[in-house]
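Novice: My file is input.tsv. It has TSV, C-alpha atoms and all ligand atoms:
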```
chain	number	residue	atom	x	y	z
A	1	MET	CA	-10.65	33.55	-8.47
A	2	LEU	CA	-6.92	33.04	-7.93
A	3	SER	CA	-7.25	33.69	-4.22
A	4	GLU	CA	-9.42	30.56	-4.04
A	5	LEU	CA	-6.50	28.34	-5.04
A	6	THR	CA	-5.02	25.99	-2.49
A	7	PRO	CA	-1.59	24.76	-3.58
A	8	GLN	CA	-1.38	20.97	-3.74
A	9	PRO	CA	1.44	19.13	-2.00
A	10	ALA	CA	4.53	18.82	-4.20
A	11	ASP	CA	5.42	15.53	-5.88
A	12	LYS	CA	7.71	13.81	-3.37
A	13	ILE	CA	10.05	12.49	-6.06
A	14	LEU	CA	10.47	15.81	-7.84
A	15	GLU	CA	10.85	17.57	-4.49
A	16	LEU	CA	13.69	15.22	-3.62
A	17	MET	CA	15.43	16.14	-6.91
A	18	GLN	CA	15.54	19.76	-5.70
A	19	LEU	CA	16.73	18.86	-2.19
A	20	TYR	CA	19.58	16.89	-3.74
A	21	ARG	CA	20.56	19.80	-6.00
A	22	ASP	CA	20.57	22.16	-3.03
A	23	ASP	CA	22.85	19.91	-0.95
A	24	PRO	CA	26.42	21.33	-1.15
A	25	ARG	CA	28.14	18.12	0.07
A	26	GLU	CA	30.81	16.63	-2.22
A	27	GLY	CA	30.07	12.93	-1.95
A	28	LYS	CA	26.25	13.10	-2.05
A	29	VAL	CA	24.52	10.22	-3.83
A	30	ASP	CA	21.28	10.65	-5.82
A	31	LEU	CA	19.09	7.54	-5.79
A	32	GLY	CA	15.87	9.50	-6.29
A	33	VAL	CA	14.08	10.30	-9.53
A	34	GLY	CA	13.70	7.53	-12.11
A	35	VAL	CA	16.13	8.77	-14.71
A	36	TYR	CA	18.85	6.45	-15.99
A	37	LYS	CA	22.39	7.50	-15.18
A	38	ASP	CA	25.66	5.97	-16.33
A	39	ALA	CA	28.64	5.28	-14.07
A	40	ASP	CA	29.64	8.97	-14.30
A	41	GLY	CA	26.18	10.13	-13.26
A	42	ARG	CA	25.26	11.34	-16.75
A	43	THR	CA	22.04	10.72	-18.65
A	44	PRO	CA	23.40	10.54	-22.18
A	45	VAL	CA	21.41	10.94	-25.39
A	46	MET	CA	21.39	7.42	-26.81
A	47	ARG	CA	23.53	6.90	-29.95
A	48	ALA	CA	20.60	5.88	-32.15
A	49	VAL	CA	18.58	8.87	-30.94
A	50	LYS	CA	21.40	11.25	-31.91
A	51	ALA	CA	21.73	9.60	-35.31
A	52	ALA	CA	17.97	9.72	-35.94
A	53	GLU	CA	17.81	13.35	-34.86
A	54	ARG	CA	20.61	14.26	-37.27
A	55	ARG	CA	18.79	12.50	-40.07
A	56	LEU	CA	15.55	14.19	-39.11
A	57	VAL	CA	17.10	17.67	-39.22
A	58	GLU	CA	18.41	16.93	-42.70
A	59	THR	CA	15.28	15.39	-44.16
A	60	GLN	CA	12.25	16.91	-42.42
A	61	GLU	CA	10.50	19.26	-44.80
A	62	THR	CA	7.66	20.55	-42.67
A	63	LYS	CA	6.59	21.08	-39.10
A	64	ALA	CA	2.91	21.27	-40.05
A	65	TYR	CA	0.47	19.39	-37.80
A	66	THR	CA	0.41	15.61	-37.77
A	67	GLY	CA	-2.81	13.65	-37.12
A	68	LEU	CA	-4.69	14.03	-33.83
A	69	ALA	CA	-3.63	10.51	-32.88
A	70	GLY	CA	-0.02	11.22	-33.89
A	71	ASP	CA	2.05	9.87	-36.75
A	72	PRO	CA	0.58	6.50	-37.84
A	73	ALA	CA	4.04	5.05	-38.51
A	74	PHE	CA	4.99	5.81	-34.89
A	75	THR	CA	1.84	4.36	-33.35
A	76	GLU	CA	2.17	1.25	-35.53
A	77	ALA	CA	5.83	0.78	-34.56
A	78	MET	CA	4.88	1.09	-30.89
A	79	ARG	CA	2.05	-1.41	-31.27
A	80	ARG	CA	4.54	-3.92	-32.63
A	81	LEU	CA	7.18	-3.15	-29.99
A	82	VAL	CA	4.80	-3.69	-27.10
A	83	LEU	CA	2.20	-6.18	-28.29
A	84	GLY	CA	4.12	-8.00	-31.04
A	85	ASP	CA	1.87	-10.65	-32.55
A	86	ALA	CA	-0.13	-11.22	-29.37
A	87	VAL	CA	-3.29	-9.72	-30.82
A	88	GLU	CA	-4.38	-8.90	-34.35
A	89	ALA	CA	-3.73	-5.30	-35.41
A	90	GLY	CA	-7.39	-4.87	-36.36
A	91	ARG	CA	-8.39	-4.90	-32.70
A	92	VAL	CA	-5.83	-2.33	-31.52
A	93	ALA	CA	-6.32	1.45	-31.42
A	94	VAL	CA	-3.29	3.64	-30.68
A	95	ALA	CA	-2.74	7.34	-30.12
A	96	ALA	CA	0.44	9.25	-29.42
A	97	THR	CA	0.47	11.13	-26.10
A	98	PRO	CA	2.81	13.51	-24.26
A	99	GLY	CA	4.91	10.84	-22.50
A	100	GLY	CA	3.73	7.98	-20.32
A	101	THR	CA	2.00	10.32	-17.87
A	102	GLY	CA	0.01	11.77	-20.78
A	103	ALA	CA	-0.96	8.24	-21.79
A	104	ILE	CA	-2.12	7.41	-18.26
A	105	ARG	CA	-4.11	10.61	-18.09
A	106	GLN	CA	-5.75	9.95	-21.46
A	107	GLY	CA	-6.43	6.31	-20.52
A	108	LEU	CA	-8.15	7.38	-17.32
A	109	GLU	CA	-10.13	10.01	-19.22
A	110	LEU	CA	-11.18	7.29	-21.65
A	111	MET	CA	-12.27	5.07	-18.79
A	112	ARG	CA	-14.31	7.84	-17.17
A	113	TYR	CA	-15.84	8.81	-20.52
A	114	ALA	CA	-16.90	5.20	-21.18
A	115	ASP	CA	-18.28	4.47	-17.70
A	116	LYS	CA	-18.09	7.07	-14.96
A	117	ASP	CA	-19.04	4.54	-12.27
A	118	ALA	CA	-16.29	2.01	-13.00
A	119	THR	CA	-13.67	1.58	-10.28
A	120	ILE	CA	-9.94	1.50	-10.89
A	121	TRP	CA	-7.94	-0.93	-8.74
A	122	ILE	CA	-4.42	0.16	-7.94
A	123	SER	CA	-1.51	-1.76	-6.43
A	124	SER	CA	-0.42	-0.82	-2.94
A	125	PRO	CA	2.04	0.78	-3.30
A	126	THR	CA	2.11	2.34	-6.75
A	127	TRP	CA	3.63	5.31	-8.56
A	128	PRO	CA	2.30	8.38	-6.69
A	129	ASN	CA	1.10	10.06	-9.91
A	130	HIS	CA	-1.39	7.23	-10.45
A	131	LEU	CA	-3.09	8.15	-7.22
A	132	THR	CA	-3.11	11.90	-7.77
A	133	ILE	CA	-4.43	11.72	-11.34
A	134	VAL	CA	-7.16	9.23	-10.41
A	135	LYS	CA	-8.18	11.46	-7.53
A	136	TYR	CA	-8.04	14.60	-9.67
A	137	LEU	CA	-10.37	13.03	-12.22
A	138	GLY	CA	-12.73	11.84	-9.49
A	139	ILE	CA	-12.55	8.19	-10.55
A	140	PRO	CA	-13.65	5.65	-7.91
A	141	MET	CA	-10.54	3.83	-6.68
A	142	ARG	CA	-9.69	0.75	-4.64
A	143	GLU	CA	-6.31	-0.61	-3.68
A	144	TYR	CA	-5.08	-4.18	-3.84
A	145	ARG	CA	-2.22	-5.66	-1.81
A	146	TYR	CA	0.95	-6.04	-3.85
A	147	PHE	CA	4.18	-5.84	-1.87
A	148	ASP	CA	5.17	-8.20	0.91
A	149	GLY	CA	7.14	-6.05	3.38
A	150	GLU	CA	8.74	-9.13	4.88
A	151	SER	CA	10.12	-10.90	1.79
A	152	ARG	CA	10.20	-7.72	-0.37
A	153	GLY	CA	8.56	-9.81	-3.10
A	154	VAL	CA	4.99	-9.78	-4.41
A	155	ASP	CA	2.25	-10.69	-1.93
A	156	PHE	CA	0.51	-12.67	-4.64
A	157	ALA	CA	-1.97	-14.40	-2.36
A	158	GLY	CA	-3.03	-11.03	-0.91
A	159	MET	CA	-3.26	-9.52	-4.38
A	160	MET	CA	-5.52	-12.28	-5.69
A	161	GLU	CA	-7.68	-12.20	-2.62
A	162	ASP	CA	-8.22	-8.45	-2.93
A	163	LEU	CA	-8.86	-8.66	-6.66
A	164	LYS	CA	-11.71	-11.08	-6.00
A	165	GLY	CA	-13.65	-7.89	-5.24
A	166	VAL	CA	-13.45	-6.56	-8.84
A	167	LYS	CA	-16.67	-6.20	-10.81
A	168	ALA	CA	-17.28	-6.50	-14.53
A	169	GLY	CA	-16.21	-3.25	-16.18
A	170	ASP	CA	-13.76	-2.28	-13.40
A	171	LEU	CA	-10.18	-1.58	-14.45
A	172	VAL	CA	-7.13	-3.10	-12.78
A	173	LEU	CA	-3.97	-1.04	-13.08
A	174	LEU	CA	-0.95	-3.33	-13.50
A	175	HIS	CA	2.66	-2.32	-14.03
A	176	GLY	CA	3.68	-4.10	-17.25
A	177	CYS	CA	7.17	-4.78	-15.87
A	178	CYS	CA	9.71	-3.29	-13.45
A	179	HIS	CA	7.16	-2.30	-10.79
A	180	ASN	CA	7.57	1.26	-9.55
A	181	PRO	CA	8.34	1.75	-6.64
A	182	THR	CA	9.05	-1.79	-5.41
A	183	GLY	CA	11.02	-3.61	-8.15
A	184	ALA	CA	9.01	-6.78	-7.32
A	185	ASN	CA	7.33	-8.35	-10.33
A	186	LEU	CA	4.85	-11.07	-11.25
A	187	THR	CA	6.09	-14.35	-12.71
A	188	VAL	CA	4.59	-15.53	-15.99
A	189	GLU	CA	2.52	-18.08	-14.04
A	190	GLU	CA	1.17	-15.28	-11.86
A	191	TRP	CA	0.30	-13.21	-14.93
A	192	ALA	CA	-1.65	-16.25	-16.17
A	193	SER	CA	-3.60	-16.40	-12.88
A	194	VAL	CA	-4.36	-12.67	-13.15
A	195	ALA	CA	-5.58	-13.25	-16.72
A	196	ALA	CA	-7.88	-16.02	-15.53
A	197	LEU	CA	-9.28	-13.82	-12.76
A	198	LEU	CA	-9.91	-10.92	-15.14
A	199	GLU	CA	-11.48	-13.27	-17.65
A	200	ALA	CA	-13.81	-14.72	-15.02
A	201	THR	CA	-14.83	-11.36	-13.59
A	202	GLY	CA	-15.04	-9.28	-16.78
A	203	ALA	CA	-12.65	-6.65	-15.39
A	204	VAL	CA	-10.27	-4.92	-17.80
A	205	PRO	CA	-6.48	-4.61	-17.35
A	206	PHE	CA	-5.02	-1.12	-17.52
A	207	ILE	CA	-1.31	-1.65	-18.14
A	208	ASP	CA	1.26	1.03	-17.37
A	209	ILE	CA	4.57	0.12	-19.00
A	210	ALA	CA	7.37	2.63	-18.68
A	211	TYR	CA	10.49	0.43	-18.44
A	212	GLN	CA	10.28	-2.13	-21.26
A	213	GLY	CA	13.83	-3.38	-21.82
A	214	PHE	CA	15.07	-2.45	-18.33
A	215	GLY	CA	14.15	-5.74	-16.63
A	216	ASP	CA	14.80	-9.04	-18.41
A	217	GLY	CA	14.91	-7.79	-22.01
A	218	LEU	CA	12.65	-6.13	-24.59
A	219	ASP	CA	10.50	-9.21	-25.26
A	220	ALA	CA	10.80	-10.87	-21.85
A	221	ASP	CA	9.51	-7.71	-20.18
A	222	VAL	CA	6.22	-7.84	-22.09
A	223	GLU	CA	5.55	-11.56	-21.76
A	224	GLY	CA	2.85	-10.98	-19.14
A	225	VAL	CA	1.31	-8.08	-21.05
A	226	ARG	CA	1.17	-10.11	-24.25
A	227	LEU	CA	-0.34	-13.04	-22.39
A	228	LEU	CA	-3.16	-10.78	-21.15
A	229	ALA	CA	-3.63	-9.18	-24.57
A	230	GLY	CA	-3.88	-12.61	-26.17
A	231	ARG	CA	-6.47	-13.94	-23.74
A	232	LEU	CA	-8.73	-11.08	-22.79
A	233	PRO	CA	-11.33	-9.31	-24.89
A	234	GLU	CA	-10.27	-5.80	-23.84
A	235	MET	CA	-7.23	-3.95	-22.55
A	236	VAL	CA	-6.01	-0.39	-21.99
A	237	LEU	CA	-2.26	0.22	-22.13
A	238	ALA	CA	-0.11	3.28	-21.50
A	239	ALA	CA	3.48	3.00	-22.77
A	240	SER	CA	6.32	5.45	-22.23
A	241	CYS	CA	9.39	5.91	-24.42
A	242	SER	CA	11.07	8.21	-21.89
A	243	LYS	CA	13.35	5.63	-20.32
A	244	ASN	CA	14.01	2.98	-22.95
A	245	PHE	CA	14.82	5.63	-25.57
A	246	GLY	CA	16.13	8.17	-23.05
A	247	VAL	CA	13.88	10.89	-24.49
A	248	TYR	CA	12.44	12.07	-21.17
A	249	ARG	CA	11.92	15.72	-22.00
A	250	GLU	CA	10.54	15.09	-25.49
A	251	ARG	CA	7.34	13.66	-23.94
A	252	THR	CA	6.92	10.54	-26.03
A	253	GLY	CA	4.40	7.80	-25.35
A	254	VAL	CA	1.26	6.06	-26.57
A	255	LEU	CA	-2.11	5.04	-25.28
A	256	MET	CA	-3.40	1.77	-26.76
A	257	THR	CA	-6.64	-0.08	-26.43
A	258	VAL	CA	-7.39	-3.66	-27.41
A	259	ALA	CA	-11.06	-4.10	-28.37
A	260	ARG	CA	-13.32	-7.09	-28.83
A	261	ASN	CA	-13.66	-6.54	-32.57
A	262	GLY	CA	-12.92	-4.16	-35.43
A	263	ALA	CA	-16.03	-2.04	-34.90
A	264	ASP	CA	-15.18	-1.41	-31.25
A	265	ARG	CA	-11.60	-0.72	-32.26
A	266	ASP	CA	-12.76	1.96	-34.71
A	267	SER	CA	-14.84	3.77	-32.10
A	268	ALA	CA	-11.96	3.52	-29.61
A	269	GLN	CA	-9.59	5.01	-32.19
A	270	ALA	CA	-12.00	7.88	-32.86
A	271	THR	CA	-12.36	8.44	-29.11
A	272	LEU	CA	-8.59	8.51	-28.56
A	273	ALA	CA	-8.29	11.19	-31.25
A	274	PHE	CA	-11.24	13.07	-29.73
A	275	LEU	CA	-9.66	13.01	-26.26
A	276	ASN	CA	-6.35	14.27	-27.64
A	277	ARG	CA	-8.26	17.11	-29.33
A	278	GLN	CA	-10.01	18.08	-26.10
A	279	ASN	CA	-6.79	18.21	-24.13
A	280	TYR	CA	-4.06	19.52	-26.41
A	281	SER	CA	-5.09	18.98	-30.05
A	282	PHE	CA	-1.98	17.35	-31.49
A	283	PRO	CA	0.51	15.28	-29.46
A	284	PRO	CA	4.22	16.21	-29.58
A	285	ASP	CA	5.97	14.77	-32.62
A	286	HIS	CA	9.75	15.12	-32.32
A	287	GLY	CA	10.41	12.25	-29.91
A	288	ALA	CA	7.76	10.12	-31.61
A	289	ARG	CA	9.37	10.52	-35.01
A	290	VAL	CA	12.83	9.74	-33.64
A	291	VAL	CA	11.49	6.57	-31.97
A	292	GLN	CA	9.73	5.54	-35.19
A	293	MET	CA	12.86	6.12	-37.28
A	294	ILE	CA	14.85	3.92	-34.90
A	295	LEU	CA	12.28	1.13	-34.73
A	296	ASP	CA	11.83	1.02	-38.52
A	297	ASP	CA	15.50	1.16	-39.52
A	298	ASP	CA	17.50	-2.07	-39.13
A	299	ASP	CA	20.82	-0.39	-38.29
A	300	LEU	CA	19.44	2.22	-35.91
A	301	ARG	CA	17.31	-0.39	-34.20
A	302	ALA	CA	20.20	-2.80	-33.75
A	303	ASP	CA	22.35	-0.03	-32.27
A	304	TRP	CA	19.52	1.09	-29.95
A	305	GLN	CA	18.92	-2.46	-28.75
A	306	GLU	CA	22.62	-2.93	-28.10
A	307	GLU	CA	22.85	0.24	-26.02
A	308	LEU	CA	19.62	-0.56	-24.15
A	309	GLU	CA	20.95	-4.02	-23.38
A	310	ASP	CA	24.16	-2.49	-21.98
A	311	VAL	CA	22.03	-0.25	-19.76
A	312	ARG	CA	19.96	-3.20	-18.57
A	313	LEU	CA	22.95	-5.42	-17.86
A	314	GLY	CA	24.74	-2.57	-16.09
A	315	MET	CA	21.80	-2.20	-13.68
A	316	LEU	CA	21.66	-5.97	-13.11
A	317	ASP	CA	25.35	-5.91	-12.33
A	318	LEU	CA	24.85	-3.11	-9.79
A	319	ARG	CA	22.04	-5.13	-8.19
A	320	GLN	CA	24.37	-8.09	-7.81
A	321	GLN	CA	27.17	-5.94	-6.42
A	322	LEU	CA	24.86	-4.32	-3.87
A	323	ALA	CA	23.35	-7.63	-2.77
A	324	ALA	CA	26.83	-9.16	-2.40
A	325	GLU	CA	28.14	-6.16	-0.49
A	326	LEU	CA	25.18	-6.27	1.91
A	327	ARG	CA	25.42	-10.03	2.31
A	328	GLN	CA	29.00	-9.61	3.43
A	329	ARG	CA	28.44	-6.59	5.67
A	330	THR	CA	25.30	-7.92	7.40
A	331	ASN	CA	26.51	-11.50	7.36
A	332	SER	CA	23.01	-12.46	6.24
A	333	ASP	CA	20.90	-12.92	3.12
A	334	ARG	CA	18.39	-10.25	4.21
A	335	PHE	CA	19.10	-8.07	1.20
A	336	ASP	CA	19.31	-10.76	-1.46
A	337	PHE	CA	15.98	-9.49	-2.82
A	338	VAL	CA	17.89	-6.58	-4.39
A	339	ALA	CA	19.33	-9.02	-6.95
A	340	GLN	CA	15.90	-10.56	-7.58
A	341	HIS	CA	14.14	-7.25	-8.23
A	342	ARG	CA	14.05	-5.94	-11.77
A	343	GLY	CA	14.11	-2.53	-13.43
A	344	MET	CA	15.32	0.77	-12.09
A	345	PHE	CA	13.91	0.54	-8.61
A	346	SER	CA	14.05	-1.46	-5.41
A	347	ARG	CA	12.15	-0.73	-2.26
A	348	LEU	CA	14.63	-1.53	0.51
A	349	GLY	CA	12.15	-1.57	3.38
A	350	CYS	CA	13.89	1.07	5.55
A	351	SER	CA	11.87	3.09	8.05
A	352	PRO	CA	11.21	6.81	7.35
A	353	GLU	CA	13.70	7.62	10.14
A	354	GLN	CA	16.37	5.50	8.49
A	355	VAL	CA	15.70	7.18	5.13
A	356	MET	CA	16.10	10.56	6.81
A	357	ALA	CA	19.32	9.51	8.57
A	358	LEU	CA	20.73	8.27	5.25
A	359	ARG	CA	20.00	11.70	3.77
A	360	LYS	CA	21.16	13.84	6.70
A	361	ASP	CA	24.16	11.84	7.95
A	362	HIS	CA	25.35	10.19	4.74
A	363	GLY	CA	24.15	12.44	1.88
A	364	ILE	CA	22.29	9.52	0.30
A	365	TYR	CA	19.01	10.56	-1.28
A	366	MET	CA	16.25	8.00	-1.77
A	367	VAL	CA	12.47	8.43	-1.88
A	368	GLY	CA	10.76	8.46	1.56
A	369	ASP	CA	9.39	4.94	1.12
A	370	SER	CA	13.03	3.75	0.74
A	371	ARG	CA	12.83	3.32	-3.02
A	372	ILE	CA	16.26	3.52	-4.62
A	373	ASN	CA	17.13	4.16	-8.25
A	374	ILE	CA	19.70	1.45	-8.94
A	375	ALA	CA	21.13	3.46	-11.85
A	376	GLY	CA	22.12	6.18	-9.39
A	377	LEU	CA	24.81	3.82	-8.05
A	378	ASN	CA	28.24	2.96	-9.43
A	379	ALA	CA	31.10	0.70	-8.38
A	380	ARG	CA	32.34	3.39	-5.97
A	381	THR	CA	29.01	4.19	-4.31
A	382	VAL	CA	27.70	0.61	-3.89
A	383	PRO	CA	29.94	0.05	-0.81
A	384	VAL	CA	29.13	3.59	0.41
A	385	LEU	CA	25.39	2.76	0.36
A	386	ALA	CA	25.91	-0.66	1.93
A	387	GLU	CA	27.98	0.80	4.76
A	388	ALA	CA	25.46	3.59	5.37
A	389	LEU	CA	22.56	1.10	5.45
A	390	VAL	CA	24.33	-0.90	8.11
A	391	ALA	CA	25.18	2.30	10.03
A	392	VAL	CA	21.52	3.39	10.20
A	393	GLY	CA	20.49	-0.08	11.32
A	394	ALA	CA	18.61	-1.12	8.17
A	401	LIG	C1	9.87	8.08	-11.12
A	401	LIG	O1	10.87	8.53	-10.54
A	401	LIG	O2	9.03	7.40	-10.55
A	401	LIG	C2	9.67	8.31	-12.60
A	401	LIG	C3	10.02	9.68	-13.05
A	401	LIG	C4	8.99	10.70	-12.71
A	401	LIG	C5	8.80	11.09	-11.40
A	401	LIG	C6	7.86	12.06	-11.09
A	401	LIG	C7	7.13	12.63	-12.10
A	401	LIG	C8	7.33	12.25	-13.40
A	401	LIG	C9	8.26	11.29	-13.71
```
When written as structure tokens, how does the structure in this file appear?
Ligand code: HCI
Specialist:
Amino acid sequence: MLSELTPQPADKILELMQLYRDDPREGKVDLGVGVYKDADGRTPVMRAVKAAERRLVETQETKAYTGLAGDPAFTEAMRRLVLGDAVEAGRVAVAATPGGTGAIRQGLELMRYADKDATIWISSPTWPNHLTIVKYLGIPMREYRYFDGESRGVDFAGMMEDLKGVKAGDLVLLHGCCHNPTGANLTVEEWASVAALLEATGAVPFIDIAYQGFGDGLDADVEGVRLLAGRLPEMVLAASCSKNFGVYRERTGVLMTVARNGADRDSAQATLAFLNRQNYSFPPDHGARVVQMILDDDDLRADWQEELEDVRLGMLDLRQQLAAELRQRTNSDRFDFVAQHRGMFSRLGCSPEQVMALRKDHGIYMVGDSRINIAGLNARTVPVLAEALVAVGA
């Protein structure tokens, strides 16, 4: 049996992490994997997370199993954080999952279980794991245009034209905010046009939201998502807590569905619990409980929001610094898009050869498609990157 196995290609982002670690050079710069880093290159445990963990150690009396769909207080707190009042609670089913990837996997399983012939539409480009999981599950897939290589913004006309091909019951995967890998995002007006198209065609949005609070703010980042939830009869949504709570390795996330009515909601909730049971029985609880304690405690929540806001503003500041540096060095506004993009990432639009030269000649590590993690920069390395980009002819 084992001799039949053919190893799959490694994840390019995780592979890059290893290449960076193995590079002995002093001044190397890591702009690869999507993990937040402060100016000293550290990924700290957030203050509110530490405080909640301390409290949890003191007060937790059992480690016995939770429910199959996770702790109801956690799933309820996440429903409120993401959807707010956009849709009545009686239409929303939620289950805890192992991180955002777990939520995507469970959402795709749900889709296949409900209708094995439905197609999922995916932005070109998208997060590579979307493609591999969809393929692994054998779900029919189509791509829609998303990124305009010229302006480095959204090719909205192309996107809408491609999405005219969706059929009732198809799912359209949309990044809730902070598009990965491009950093280019829809405006609220564009979200409204997408809502109208989905409404007219009967296709269902599948939202992946992993960076709420990293773009324009906790509520601003979900304006489009809430608009869709408020207008459409159905929605699937995968949310990650890895980045906005900094609990990456705890594997904390939720899968939500918005249903037409309470009866559909109840069968969706039962199905989410069933799918958890088939895959791993109970979802992890530690990160979920910490997140719930923070969201439901006024002081912890205020402190978390303050720290998250510092993180967000720090990344915006780095974007502005990089755009200004490049404006000056190229004597052009070619890179101004960096300041317009939102979230952790920007796709710079360098060629694969330029990306390789940046790595080999300058020790600057970015993903092969020229995606950079803005948080990997600091005041010292912004000019280093700008100079290297000019040197490789970007
Ligand atoms: C990212 O860098 O896109 C997000 C972090 C990540 C990357 C690869 C696998 C899991 C998570």
Novice: Quick one: of A:Leu275, A:Val49, A:Ala220, A:Leu227, who's nearest to Ala114 (chain A), counting only C-alpha atoms?
Specialist: A:Leu275
Novice: Name each residue within 6 Å of ligand LIG 401 (chain A), counting all atoms listed in the file, as a CSV table (one decimal) with C-alpha atoms, in the coordinates of the input.
Specialist:
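As written to disk, result30.csv reads:
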```csv
chain,number,residue,atom,x,y,z
A,13,ILE,CA,10.0,12.5,-6.1
A,14,LEU,CA,10.5,15.8,-7.8
A,33,VAL,CA,14.1,10.3,-9.5
A,34,GLY,CA,13.7,7.5,-12.1
```
Novice: What's around Leu326 (chain A) at 12 Å? Count only C-alpha atoms, leave out sequence neighbours fewer than 6 positions away in its own chain, and write the answer as number ranges by chain.
Specialist: A: 319-320, 332-339, 348, 382-391, 394
Novice: Please produce a file of those selected residues containing C-alpha atoms, as a PDB file, in the frame of the given file.
Specialist:
```pdb
ATOM      1  CA  ARG A 319      22.040  -5.130  -8.190  1.00  0.00           C
ATOM      2  CA  GLN A 320      24.370  -8.090  -7.810  1.00  0.00           C
ATOM      3  CA  SER A 332      23.010 -12.460   6.240  1.00  0.00           C
ATOM      4  CA  ASP A 333      20.900 -12.920   3.120  1.00  0.00           C
ATOM      5  CA  ARG A 334      18.390 -10.250   4.210  1.00  0.00           C
ATOM      6  CA  PHE A 335      19.100  -8.070   1.200  1.00  0.00           C
ATOM      7  CA  ASP A 336      19.310 -10.760  -1.460  1.00  0.00           C
ATOM      8  CA  PHE A 337      15.980  -9.490  -2.820  1.00  0.00           C
ATOM      9  CA  VAL A 338      17.890  -6.580  -4.390  1.00  0.00           C
ATOM     10  CA  ALA A 339      19.330  -9.020  -6.950  1.00  0.00           C
ATOM     11  CA  LEU A 348      14.630  -1.530   0.510  1.00  0.00           C
ATOM     12  CA  VAL A 382      27.700   0.610  -3.890  1.00  0.00           C
ATOM     13  CA  PRO A 383      29.940   0.050  -0.810  1.00  0.00           C
ATOM     14  CA  VAL A 384      29.130   3.590   0.410  1.00  0.00           C
ATOM     15  CA  LEU A 385      25.390   2.760   0.360  1.00  0.00           C
ATOM     16  CA  ALA A 386      25.910  -0.660   1.930  1.00  0.00           C
ATOM     17  CA  GLU A 387      27.980   0.800   4.760  1.00  0.00           C
ATOM     18  CA  ALA A 388      25.460   3.590   5.370  1.00  0.00           C
ATOM     19  CA  LEU A 389      22.560   1.100   5.450  1.00  0.00           C
ATOM     20  CA  VAL A 390      24.330  -0.900   8.110  1.00  0.00           C
ATOM     21  CA  ALA A 391      25.180   2.300  10.030  1.00  0.00           C
ATOM     22  CA  ALA A 394      18.610  -1.120   8.170  1.00  0.00           C
TER      23      ALA A 394
END
```
Novice: Rounded to one decimal, what separation in Å do you get between CA of Asn244 (chain A) and CA of Phe214 (chain A)?
Specialist: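 Those two atoms sit 7.2 Å apart.
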Novice: Excluding Gly67 (chain A) and its own-chain neighbours fewer than 6 positions away, which residues fall within 10 Å of it when counting all atoms listed in the file? Please give them as a PyMOL selection string.
Specialist: chain A and resi 95-96+273+281-283+285
Novice: Would you kindly return, as JSON, numbers by chain, each protein, DNA or RNA residue with an atom no farther than 10 Å from any atom of Glu53 (chain A), considering all atoms listed in the file and excluding same-chain residues fewer than 5 positions away?
Specialist: {"A": [47, 48, 58, 59, 286, 287, 289, 290, 291, 293, 294]}
Novice: Which residues are near Ala192 (chain A)? Cut-off 8 Å, all atoms listed in the file, ignore same chain within fewer than 4 positions. Put them as JSON, numbers by chain.
Specialist: {"A": [188, 196, 224, 227, 228]}
Novice: Suppose you want the space between CA of Gly100 (chain A) and CA of Leu197 (chain A); what is it in Å?
Specialist: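 Separation of CA of Gly100 (chain A) and CA of Leu197 (chain A): 26.5 Å.
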Novice: Quick one: of A:Leu137, A:Val82, A:Leu171, A:Ala259, who's nearest to Glu109 (chain A), counting all atoms listed in the file?
Specialist: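 So, comparing all the options, the nearest one is A:Leu137.
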Novice: Using all atoms listed in the file, pick whichever of A:Met160, A:Leu300, A:Ala200, A:Cys241 has the shortest atom-to-atom distance to Ala288 (chain A).
Specialist: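 Ranked by minimum distance to Ala288 (chain A), first place goes to A:Cys241.
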Novice: Smallest atom-to-atom distance to Ala93 (chain A): which of A:Thr66, A:Thr132, A:Asn279, A:Gln269, using all atoms listed in the file?
Specialist: A:Gln269
Novice: Identify, on the basis of only C-alpha atoms, every residue whose closest approach to Leu16 (chain A) does not exceed 8 Å; exclude the query and any residue fewer than 5 positions from it along the same chain; express the result as number ranges by chain.
Specialist: A: 32-33, 365-367
Novice: Which residue, A:Val258, A:Leu31, A:Val154, A:Ala302, has the smallest gap to Ile374 (chain A) when you use all atoms listed in the file?
Specialist: A:Leu31
